[in-house]
Amino acid sequence: MTPPPLDPAALQVLIARLSGVADEMSAVLRRAAFSPNIKERADCSSAVFTASGELLAQAENIPVHLGSMPASVAAVMDAVAADTTGGSDRPQAGDHWIVNDPFAGGTHLNDITVVTPCVVAGAVAGWVANRAHHADVGGAAPGSLPADATEVFAEGLRLPAVRLTPEIRSVVLANSRTPTERAGDLDAQVGANVRGVARLAEVLEQLGGGQLGGGQLASGAAQRLDEVLDYGERRMRAALTALPDGTWQAVDRLDSAGGGPDQRHGVAIVVSVTVAGDAITFDFTGSDPQTTGNVNAPESVTLSSVVFALRSAVDPSLPSNGGCLRAVTVVAPAGSVVAAQAPAAVGAGNVEVSQRVADVCLLALAHVAPQTVGAASQGTMNNLLLGGTDSGGQAWVYYETVGGGQGGRPGSAGMSGIHTAMTNTRNTPIEALERAFPMRVLRQRLRRGSGGAGWSAGGEGIERDLQVLVDATVSLITERRVSQPWGLAGGEPASGGRELAVARRRREPSRAAARQVHDPAQVG
C-alpha cells in the first residue's frame, strides 16, 4: 500500500534532517582536518545523494564545490559500473572512492572529492560525498596553481574516479610537498563520510519503517526521497513562472588568459538567458575558445556558477537538491572557456572563471529580476599561494583567498570584507596563520572608498600586508585588475584590485637596540 504524501511540515522536517547529515559531515571534516585551509578557512563541502546519484541535500558550504559535486558522484558510479563484473566487486560497506580529474567529475586538481556508498543489506541505498581543497597536490609550483601553466599536467596529480586503497593514498602523499598534511586531510574526509553514511542509514531506516532488508529500500523510503526532489522541482518552476518570458544577453570579460606575455589579453564570456514558462536556459554559445593559459573552466564549474546566480536572483530559499535543476538547461560549447577539454590547464577555472560566469549570469538576470539582483561583487577569489622550506628544513605551503566587497544591493549597501559569489570560505585567523607558517601579518584593514559610489554603495575590499620570513615561491591568481566590478541602476563601478611586492634587506638589530627591546625595565 502506497503511503500518503508527507504533509508540508513533515516534508520540511525530512529536508532539514537530510541537510543535517551534510552539515554534520562538514563539521567532522573541519574538526579532524590538519591543514589551516580546511580547519580554519572551511574550504570544504559536503552533500548527500540518492542511490541513482541525484542530489538530495547539501551543507551551506562552497557554491563552486556543491554545484559540481554531482558530476563527481556520477563519475564514481560510472567507475563502479565498469568494475563490477561479479558480486564480490560490488560496493561494500566501508568502501570509498576518490576523484579530482577536472575532465571526469572534478573542478581543479586541488579539490579532492571522496565519495562513499551507503550500503544497506547489500545494496546501495544512497551516497555521501565531500570535497576539500588540498593546499598542495604536486605540480610545477607550491600550491599546485602555477600561474604560467599551459596544460593540466603542470598543475599536479590527476586522479580519475578510483577506489581509495592504501596504494592510492600513498600515491597522493608521494606527489605532495606536504604529505603529512595531506594524510591528515584525507583521513578527515574519510571520517566525515563514515559519519555521513551512518546518519543517512538512520534516516532511511526510519523512512522505511525499519524495513530495509532484502537488498532494496522499502517503497515508503524511496517515495519520501522522491517527494523531496519533486518539491525542489515545484519550487523552482513556480519561481521561474513568476519571471517574464523572453531572452536576455550579457557579456563580461576576464582580464587575461594567463600569466605569459602571449596570454595577456581579455577573454569573453557570453550568455543568453531564455525564460519560457516554468523553464530557463543559459546558453554560452559565443564565449571564447579555451585558452593556452589556466583560465579554463570544466563544464561542471560553469553549471555551479549558473545554479548560484539563478538561486540568488529568483529565491535564495529554494531547496538545494537535484529537483531544482530539472527546470534548468545549460548549453556550454565543448572546447570553450566555459567547457574546457583535456589537456587544458584549469587551475584558475575553478577559482576565477567561475566568478566571471556568475557575474555574467547575474548581469543578464538583472534585466529579468531587477528587484533582487545587485551590482557586481569583487569578481575574484584573490588567490595567494606561497611555499618553500622553513628555517628547520620543513616544507610548507600556504593558500588563501582574500575577500573583498559585495556589490550594492537593491535597497541596501553591499557588505565589506567578505568572500562573495562562488566562494564561501573564511579568512585564516592571524594567530593560526602565524603559528602554522613562517609569515607575519603586518596589517589588515578595509580599503576605504573602493566599493563604488551609488545610492546603495558597494562594499569595501581588504588591504592586507604580509611579511614572509624565509625565501619562498609566490603565486598569484587574481582578476578584476584591468576590468572593474560593474554597477547597476546608475551606480559607479568599484575599484580594481592590485598587489605590490616590496623586497627588504634583512637587517639584524644592534646589540644596544636588542638589549633595549628585551629589557623588562623598558617595557610599559
# chains A, B, ... in the order shown; residues from 1 in each chain; ligands from 1
>>> residues_around(residues="A:Leu186", least_positions_apart="6", cutoff="9 Å", atoms="only C-alpha atoms", output="list in words")
Ala33, Ile112, Val114, Ala132, His134 and Arg169 of chain A
>>> write_last_selection(atoms="C-alpha atoms", output="PDB file, in the first residue's frame")
ATOM      1  CA  ALA A  33      41.500  18.210   9.271  1.00  0.00           C
ATOM      2  CA  ILE A 112      39.797  16.144  -3.978  1.00  0.00           C
ATOM      3  CA  VAL A 114      35.774  11.405  -1.568  1.00  0.00           C
ATOM      4  CA  ALA A 132      38.149  19.584   0.173  1.00  0.00           C
ATOM      5  CA  HIS A 134      44.190  20.346  -0.581  1.00  0.00           C
ATOM      6  CA  ARG A 169      46.605   7.028  -0.701  1.00  0.00           C
TER       7      ARG A 169
END
>>> residues_around(residues="A:Val152", least_positions_apart="3", cutoff="7 Å", atoms="only C-alpha atoms", output="PyMOL selection string")
chain A and resi 155+343-346
>>> write_last_selection(atoms="N, CA and C atoms", output="PDB file, in the first residue's frame")
ATOM      1  N   GLU A 155      49.873  21.079 -13.256  1.00  0.00           N
ATOM      2  CA  GLU A 155      49.147  21.531 -12.077  1.00  0.00           C
ATOM      3  C   GLU A 155      49.096  20.512 -10.949  1.00  0.00           C
ATOM      4  N   PRO A 343      43.835  18.510 -22.813  1.00  0.00           N
ATOM      5  CA  PRO A 343      44.551  18.628 -21.537  1.00  0.00           C
ATOM      6  C   PRO A 343      44.704  20.087 -21.068  1.00  0.00           C
ATOM      7  N   ALA A 344      43.682  20.902 -21.225  1.00  0.00           N
ATOM      8  CA  ALA A 344      43.785  22.315 -20.860  1.00  0.00           C
ATOM      9  C   ALA A 344      44.110  22.478 -19.379  1.00  0.00           C
ATOM     10  N   ALA A 345      44.906  23.487 -19.066  1.00  0.00           N
ATOM     11  CA  ALA A 345      45.125  23.863 -17.673  1.00  0.00           C
ATOM     12  C   ALA A 345      43.847  24.504 -17.144  1.00  0.00           C
ATOM     13  N   VAL A 346      43.464  24.153 -15.914  1.00  0.00           N
ATOM     14  CA  VAL A 346      42.166  24.602 -15.387  1.00  0.00           C
ATOM     15  C   VAL A 346      42.274  25.187 -13.983  1.00  0.00           C
TER      16      VAL A 346
END
>>> residues_around(residues="A:Ser312", least_positions_apart="4", cutoff="8 Å", atoms="only C-alpha atoms", output="number ranges by chain")
A: 308, 316, 372-373
>>> residues_around(residues="stretch 445-449 of chain A", least_positions_apart="4", cutoff="9 Å", atoms="only C-alpha atoms", output="ChimeraX atom specification")
/A:404,416-417,453,459-464,494-495
>>> select_by_dssp(residues="stretch 339-421 of chain A", states="strand (DSSP E)", output="MDAnalysis selection string")
chainID A and resid 383:389 395:401
>>> decode(residues="stretch 92-233 of chain A", atoms="C-alpha atoms", output="JSON list (two decimals), in the first residue's frame")
[["chain", "number", "residue", "atom", "x", "y", "z"],
["A", 92, "GLN", "CA", 30.76, -2.89, 0.22],
["A", 93, "ALA", "CA", 30.25, -1.03, 3.46],
["A", 94, "GLY", "CA", 33.48, 0.83, 4.19],
["A", 95, "ASP", "CA", 34.48, 1.32, 0.55],
["A", 96, "HIS", "CA", 35.49, 4.82, -0.55],
["A", 97, "TRP", "CA", 36.25, 6.34, -3.95],
["A", 98, "ILE", "CA", 38.37, 9.36, -4.76],
["A", 99, "VAL", "CA", 38.43, 11.70, -7.78],
["A", 100, "ASN", "CA", 39.91, 15.06, -8.74],
["A", 101, "ASP", "CA", 40.12, 14.81, -12.55],
["A", 102, "PRO", "CA", 38.65, 18.08, -13.89],
["A", 103, "PHE", "CA", 37.50, 16.31, -17.03],
["A", 104, "ALA", "CA", 35.77, 13.45, -15.21],
["A", 105, "GLY", "CA", 33.80, 14.90, -12.35],
["A", 106, "GLY", "CA", 36.31, 17.26, -10.75],
["A", 107, "THR", "CA", 36.93, 21.00, -10.81],
["A", 108, "HIS", "CA", 40.65, 21.68, -10.43],
["A", 109, "LEU", "CA", 43.27, 19.30, -9.08],
["A", 110, "ASN", "CA", 43.41, 20.75, -5.56],
["A", 111, "ASP", "CA", 39.78, 19.81, -4.96],
["A", 112, "ILE", "CA", 39.80, 16.14, -3.98],
["A", 113, "THR", "CA", 36.38, 14.52, -3.66],
["A", 114, "VAL", "CA", 35.77, 11.40, -1.57],
["A", 115, "VAL", "CA", 32.57, 9.51, -2.41],
["A", 116, "THR", "CA", 31.15, 6.73, -0.23],
["A", 117, "PRO", "CA", 28.15, 4.45, -0.81],
["A", 118, "CYS", "CA", 25.56, 3.98, 1.91],
["A", 119, "VAL", "CA", 25.21, 0.21, 1.71],
["A", 120, "VAL", "CA", 22.18, -1.32, 3.39],
["A", 121, "ALA", "CA", 21.50, -5.06, 3.27],
["A", 122, "GLY", "CA", 23.97, -5.49, 0.41],
["A", 123, "ALA", "CA", 22.56, -2.74, -1.82],
["A", 124, "VAL", "CA", 23.49, 0.89, -2.36],
["A", 125, "ALA", "CA", 20.75, 2.96, -0.72],
["A", 126, "GLY", "CA", 22.43, 6.34, -1.28],
["A", 127, "TRP", "CA", 25.76, 8.14, -1.48],
["A", 128, "VAL", "CA", 27.58, 10.74, 0.56],
["A", 129, "ALA", "CA", 30.42, 12.90, -0.73],
["A", 130, "ASN", "CA", 32.70, 15.64, 0.45],
["A", 131, "ARG", "CA", 35.16, 17.83, -1.39],
["A", 132, "ALA", "CA", 38.15, 19.58, 0.17],
["A", 133, "HIS", "CA", 40.79, 21.90, -1.27],
["A", 134, "HIS", "CA", 44.19, 20.35, -0.58],
["A", 135, "ALA", "CA", 46.86, 23.02, -0.34],
["A", 136, "ASP", "CA", 49.34, 21.07, -2.47],
["A", 137, "VAL", "CA", 48.94, 18.10, -4.82],
["A", 138, "GLY", "CA", 52.22, 18.49, -6.70],
["A", 139, "GLY", "CA", 52.75, 20.38, -9.92],
["A", 140, "ALA", "CA", 55.24, 23.00, -11.01],
["A", 141, "ALA", "CA", 54.78, 25.43, -8.12],
["A", 142, "PRO", "CA", 53.91, 25.19, -4.42],
["A", 143, "GLY", "CA", 50.16, 25.21, -4.03],
["A", 144, "SER", "CA", 49.51, 23.43, -7.36],
["A", 145, "LEU", "CA", 48.12, 26.55, -9.06],
["A", 146, "PRO", "CA", 51.09, 27.63, -11.20],
["A", 147, "ALA", "CA", 50.12, 30.89, -12.87],
["A", 148, "ASP", "CA", 52.03, 30.02, -16.06],
["A", 149, "ALA", "CA", 50.58, 26.53, -16.57],
["A", 150, "THR", "CA", 49.56, 25.72, -20.14],
["A", 151, "GLU", "CA", 48.50, 22.09, -19.56],
["A", 152, "VAL", "CA", 46.82, 20.29, -16.68],
["A", 153, "PHE", "CA", 49.91, 18.11, -16.27],
["A", 154, "ALA", "CA", 51.79, 21.08, -14.76],
["A", 155, "GLU", "CA", 49.15, 21.53, -12.08],
["A", 156, "GLY", "CA", 49.66, 18.35, -10.09],
["A", 157, "LEU", "CA", 48.43, 14.80, -9.60],
["A", 158, "ARG", "CA", 45.34, 13.91, -11.62],
["A", 159, "LEU", "CA", 43.15, 11.07, -10.39],
["A", 160, "PRO", "CA", 40.18, 9.59, -12.24],
["A", 161, "ALA", "CA", 37.46, 8.02, -10.11],
["A", 162, "VAL", "CA", 39.22, 5.14, -8.37],
["A", 163, "ARG", "CA", 38.75, 3.16, -5.19],
["A", 164, "LEU", "CA", 40.63, 4.76, -2.31],
["A", 165, "THR", "CA", 43.04, 1.99, -1.36],
["A", 166, "PRO", "CA", 46.22, 2.25, 0.73],
["A", 167, "GLU", "CA", 48.16, 2.22, -2.53],
["A", 168, "ILE", "CA", 46.22, 5.17, -3.99],
["A", 169, "ARG", "CA", 46.61, 7.03, -0.70],
["A", 170, "SER", "CA", 50.36, 6.52, -0.92],
["A", 171, "VAL", "CA", 50.38, 7.92, -4.45],
["A", 172, "VAL", "CA", 48.59, 11.08, -3.29],
["A", 173, "LEU", "CA", 51.05, 11.59, -0.43],
["A", 174, "ALA", "CA", 54.10, 10.92, -2.60],
["A", 175, "ASN", "CA", 53.05, 13.66, -5.04],
["A", 176, "SER", "CA", 52.62, 16.43, -2.45],
["A", 177, "ARG", "CA", 55.22, 18.73, -0.95],
["A", 178, "THR", "CA", 53.37, 18.39, 2.36],
["A", 179, "PRO", "CA", 52.50, 14.68, 2.68],
["A", 180, "THR", "CA", 51.78, 14.71, 6.42],
["A", 181, "GLU", "CA", 49.17, 17.43, 5.95],
["A", 182, "ARG", "CA", 47.67, 15.57, 3.00],
["A", 183, "ALA", "CA", 47.39, 12.38, 5.05],
["A", 184, "GLY", "CA", 45.56, 14.17, 7.84],
["A", 185, "ASP", "CA", 43.16, 15.92, 5.47],
["A", 186, "LEU", "CA", 42.41, 12.73, 3.54],
["A", 187, "ASP", "CA", 41.73, 10.82, 6.73],
["A", 188, "ALA", "CA", 39.41, 13.63, 7.84],
["A", 189, "GLN", "CA", 37.48, 13.34, 4.57],
["A", 190, "VAL", "CA", 37.06, 9.60, 5.06],
["A", 191, "GLY", "CA", 35.95, 10.11, 8.66],
["A", 192, "ALA", "CA", 33.37, 12.66, 7.56],
["A", 193, "ASN", "CA", 31.89, 10.22, 5.06],
["A", 194, "VAL", "CA", 31.81, 7.42, 7.64],
["A", 195, "ARG", "CA", 29.71, 9.64, 9.86],
["A", 196, "GLY", "CA", 27.53, 10.69, 6.93],
["A", 197, "VAL", "CA", 26.82, 7.10, 5.89],
["A", 198, "ALA", "CA", 25.78, 6.18, 9.43],
["A", 199, "ARG", "CA", 23.46, 9.17, 9.72],
["A", 200, "LEU", "CA", 21.93, 8.65, 6.27],
["A", 201, "ALA", "CA", 21.25, 4.97, 7.05],
["A", 202, "GLU", "CA", 19.39, 6.03, 10.20],
["A", 203, "VAL", "CA", 17.18, 8.39, 8.23],
["A", 204, "LEU", "CA", 16.46, 5.82, 5.53],
["A", 205, "GLU", "CA", 15.64, 3.11, 8.04],
["A", 206, "GLN", "CA", 13.13, 5.34, 9.79],
["A", 207, "LEU", "CA", 11.57, 6.36, 6.47],
["A", 208, "GLY", "CA", 11.13, 2.72, 5.57],
["A", 209, "GLY", "CA", 9.65, 1.77, 8.92],
["A", 210, "GLY", "CA", 12.72, -0.32, 9.67],
["A", 211, "GLN", "CA", 12.18, -2.39, 6.52],
["A", 212, "LEU", "CA", 15.46, -2.03, 4.63],
["A", 213, "GLY", "CA", 16.19, -5.72, 4.20],
["A", 214, "GLY", "CA", 16.15, -7.81, 1.05],
["A", 215, "GLY", "CA", 18.63, -5.60, -0.75],
["A", 216, "GLN", "CA", 16.06, -2.94, -1.57],
["A", 217, "LEU", "CA", 14.89, 0.28, 0.00],
["A", 218, "ALA", "CA", 11.36, -0.04, 1.28],
["A", 219, "SER", "CA", 8.96, 1.58, -1.15],
["A", 220, "GLY", "CA", 7.96, 4.08, 1.52],
["A", 221, "ALA", "CA", 11.53, 5.35, 1.94],
["A", 222, "ALA", "CA", 12.05, 5.65, -1.83],
["A", 223, "GLN", "CA", 8.80, 7.57, -2.14],
["A", 224, "ARG", "CA", 9.85, 10.01, 0.57],
["A", 225, "LEU", "CA", 13.12, 10.80, -1.18],
["A", 226, "ASP", "CA", 11.23, 11.32, -4.44],
["A", 227, "GLU", "CA", 8.97, 13.76, -2.62],
["A", 228, "VAL", "CA", 12.00, 15.81, -1.57],
["A", 229, "LEU", "CA", 13.21, 16.06, -5.16],
["A", 230, "ASP", "CA", 9.74, 16.75, -6.56],
["A", 231, "TYR", "CA", 9.30, 19.54, -4.03],
["A", 232, "GLY", "CA", 12.52, 21.15, -5.26],
["A", 233, "GLU", "CA", 11.29, 20.97, -8.84]]
